Amino acid sequence: MLNPLQTCCFAGYRPEKVKGWDLPNGFPPEEVANSIQEAIIRAYKSGYLFFISGMSRGFDLWAAEQVIKLKKIYPIKLFCAIPFDEQNLYWSDNLKKQYNDIILKSDYVYSIAKQYTPNCFYARNKFMVDGSSRLICWFDGTEGGTSFTLRCAKRKGLEIDNLYEQQMRIY
C-alpha cells in the first residue's frame with residue numbers, strides 16, 4: 001500500500017460552491033490551476049510521491065489533472081479514491097469524459113462502496129486522510145465535506161496547505 005509519509009491528499013469545493021468557479025467548460029480558473037500545480041511541486045520537493053484525489057467535480061478533478069500533467073516531469077503517482085462506483089453517472093458528458101480520462105491515466109483506483117450510501121463521501125474523505133500525512137485543500141470556511149476533511153486532517157496532525165489562504169494573501 002501507499003506510504004502515508006509520502007502521500008498527500010486533496011480536498012476542495014465543487015464548482016457551484018465558489019463564485020467564479022462554475023465555468024461551463026469544467027476547467028478551473030487559471031490562478032486555481034496554477035496554485036494547485038505549485039502546491040503539488042512543493043509537496044514533491046518535500047518528499048511526497050503519491051497524491052490521492054477523491055474525484056468529485058471541481059477541485060478534486062482539477063487537482064488530479066495537475067498531478068497527471070506533472071507526472072511527465074516528476075516521478076509521482078495519482079491515486080483515485082472513488083466514494084462509490086458510478087459516481088459520475090448523472091454528470092454532464094464533458095465531466096464524464098474528464099473523469100474517465102483521469103481514471104485511465106491514474107496509477108491506482110479504489111472504490112469505497114459499490115453503490116451510493118449516505119456516508120460514502122465521509123468514508124472516502126476519512127480513507128484519504130488516514131492514508132496521508134499532508135493535505136492540499138481549498139477551504140474558505142464553508143461547511144461540508146471539505147471542512148470535515150480538514151478537521152480530520154488537523155486531528156490526525158497532517159501538514160495543511162490551504163490554497164485559499166495563499167490566494168487571499170495575493171489580493
# chains A, B, ... in the order shown; residues from 1 in each chain; ligands from 1
>>> closest_atom_pairs(of="region 58-114 of chain A", to="region 5-23 of chain A", cutoff="10 Å", atoms="only C-alpha atoms", output="Markdown table")
| residue | atom | partner | partner_atom | distance |
| --- | --- | --- | --- | --- |
| A:Gly58 | CA | A:Arg14 | CA | 4.4 |
| A:Phe59 | CA | A:Gly12 | CA | 5.1 |
| A:Asp60 | CA | A:Phe10 | CA | 6.4 |
| A:Leu61 | CA | A:Arg14 | CA | 9.4 |
| A:Trp62 | CA | A:Gly12 | CA | 9.9 |
| A:Ala63 | CA | A:Phe10 | CA | 7.1 |
| A:Ala64 | CA | A:Phe10 | CA | 8.8 |
| A:Ile76 | CA | A:Thr7 | CA | 10.0 |
| A:Lys77 | CA | A:Thr7 | CA | 9.5 |
| A:Leu78 | CA | A:Cys9 | CA | 9.9 |
| A:Phe79 | CA | A:Cys9 | CA | 9.0 |
| A:Cys80 | CA | A:Cys9 | CA | 9.9 |
| A:Ala81 | CA | A:Cys9 | CA | 9.7 |
>>> select_by_dssp(residues="region 96-149 of chain A", states="alpha helix (DSSP H)", output="JSON, numbers by chain")
{"A": [96, 97, 98, 99, 100, 101, 102, 103, 104, 105, 120, 121, 122, 123, 124, 125, 126, 127, 128, 129, 130, 145, 146, 147, 148, 149]}
>>> atom_distance(atom1="CA of Phe84 (chain A)", atom2="CA of Tyr44 (chain A)")
28.5 Å
>>> closest_residue(among="A:Ala39, A:Phe51, A:Gln115, A:Tyr164", to="Phe139 (chain A)", atoms="only C-alpha atoms")
A:Tyr164
>>> select_by_dssp(residues="region 13-68 of chain A", states="strand (DSSP E)", output="PyMOL selection string")
chain A and resi 50-53
>>> closest_residue(among="A:Arg57, A:Pro118, A:Asp107, A:Arg155", to="Asn94 (chain A)", atoms="only C-alpha atoms")
A:Arg57
>>> residues_around(residues="Glu38 (chain A)", least_positions_apart="6", cutoff="10 Å", atoms="only C-alpha atoms", output="ChimeraX atom specification")
/A:32,44,66,163
>>> closest_residue(among="A:Leu49, A:Ile41, A:Ala113, A:Leu2", to="Ile82 (chain A)", atoms="only C-alpha atoms")
A:Ala113
>>> closest_residue(among="A:Arg42, A:Tyr48, A:Ile160, A:Gln87", to="Lys114 (chain A)", atoms="only C-alpha atoms")
A:Gln87
>>> atom_distance(atom1="CA of Leu150 (chain A)", atom2="CA of Lys126 (chain A)")
10.1 Å
>>> residues_around(residues="Glu65 (chain A)", least_positions_apart="2", cutoff="10 Å", atoms="only C-alpha atoms", output="list in words")
Phe27, Ala33, Ile36, Gln37, Ser53, Phe59, Asp60, Leu61, Trp62, Ala63, Val67, Ile68, Lys69, Leu70, Lys71, Leu78, Gln98, Tyr99, Asp101, Ile102, Lys105 and Ser106 of chain A
>>> write_last_selection(atoms="C-alpha atoms", output="compact mmCIF listing (two decimals), in the first residue's frame")
# COMPACT_ATOMS: atom_id res chain seq x y z
CA PHE A 27 -11.81 23.83 -16.35
CA ALA A 33 -4.84 25.55 -11.55
CA ILE A 36 -2.66 23.51 -7.30
CA GLN A 37 0.32 22.83 -9.53
CA SER A 53 -7.90 12.62 -5.35
CA PHE A 59 -11.20 20.94 -7.01
CA ASP A 60 -10.68 17.14 -6.83
CA LEU A 61 -10.74 16.66 -10.60
CA TRP A 62 -8.62 19.76 -11.17
CA ALA A 63 -6.02 18.51 -8.69
CA VAL A 67 -0.90 15.51 -10.98
CA ILE A 68 -1.28 13.90 -14.41
CA LYS A 69 0.43 16.88 -16.06
CA LEU A 70 3.26 16.83 -13.54
CA LYS A 71 3.77 13.05 -13.88
CA LEU A 78 -2.06 9.52 -8.83
CA GLN A 98 -12.89 14.39 -17.88
CA TYR A 99 -13.47 11.88 -15.06
CA ASP A 101 -9.75 10.31 -18.82
CA ILE A 102 -8.34 10.86 -15.33
CA LYS A 105 -4.30 7.99 -16.64
CA SER A 106 -4.19 7.30 -12.90
>>> atom_distance(atom1="CA of Val109 (chain A)", atom2="CA of Asp85 (chain A)")
10.9 Å
>>> closest_residue(among="A:Ala43, A:Ile112, A:Arg124, A:Glu30", to="Glu159 (chain A)", atoms="only C-alpha atoms")
A:Ala43
>>> residues_around(residues="region 128-130 of chain A", least_positions_apart="4", cutoff="8 Å", atoms="only C-alpha atoms", output="short mmCIF file (atom, residue, chain, number, x, y, z; two decimals) with N, CA and C atoms, in the first residue's frame")
data_model
loop_
_atom_site.label_atom_id
_atom_site.label_comp_id
_atom_site.auth_asym_id
_atom_site.auth_seq_id
_atom_site.Cartn_x
_atom_site.Cartn_y
_atom_site.Cartn_z
N PRO A 4 2.04 6.52 4.00
CA PRO A 4 1.43 7.79 4.38
C PRO A 4 2.42 8.95 4.48
N CYS A 9 -3.15 14.13 0.14
CA CYS A 9 -4.50 14.07 -0.41
C CYS A 9 -5.02 15.49 -0.67
N ILE A 52 -3.59 11.60 -3.63
CA ILE A 52 -4.93 10.98 -3.65
C ILE A 52 -5.98 12.04 -3.96
N GLY A 54 -10.14 12.57 -4.45
CA GLY A 54 -11.46 11.99 -4.18
C GLY A 54 -12.38 11.98 -5.39
N ALA A 81 -9.49 7.86 -5.25
CA ALA A 81 -10.33 7.26 -4.21
C ALA A 81 -11.77 7.65 -4.51
N ARG A 124 -14.89 8.05 2.24
CA ARG A 124 -13.82 8.32 1.27
C ARG A 124 -12.86 9.37 1.83
N LEU A 135 -2.22 17.47 3.43
CA LEU A 135 -3.48 17.80 2.75
C LEU A 135 -3.29 19.10 1.98
N THR A 149 -13.13 17.06 6.10
CA THR A 149 -11.81 16.52 5.77
C THR A 149 -10.71 17.32 6.46
N CYS A 152 -10.61 16.43 10.16
CA CYS A 152 -9.97 15.11 10.32
C CYS A 152 -8.46 15.23 10.15
N ALA A 153 -8.04 15.98 9.16
CA ALA A 153 -6.61 16.14 8.89
C ALA A 153 -5.91 16.85 10.05
N LYS A 156 -5.56 14.49 12.99
CA LYS A 156 -4.56 13.46 12.73
C LYS A 156 -3.15 14.04 12.61
N LEU A 158 -1.96 16.11 10.11
CA LEU A 158 -1.44 16.28 8.76
C LEU A 158 -0.93 17.70 8.55
#
>>> closest_residue(among="A:Ser147, A:Asn3, A:Asn88, A:Asn162", to="Gly47 (chain A)", atoms="only C-alpha atoms")
A:Asn3
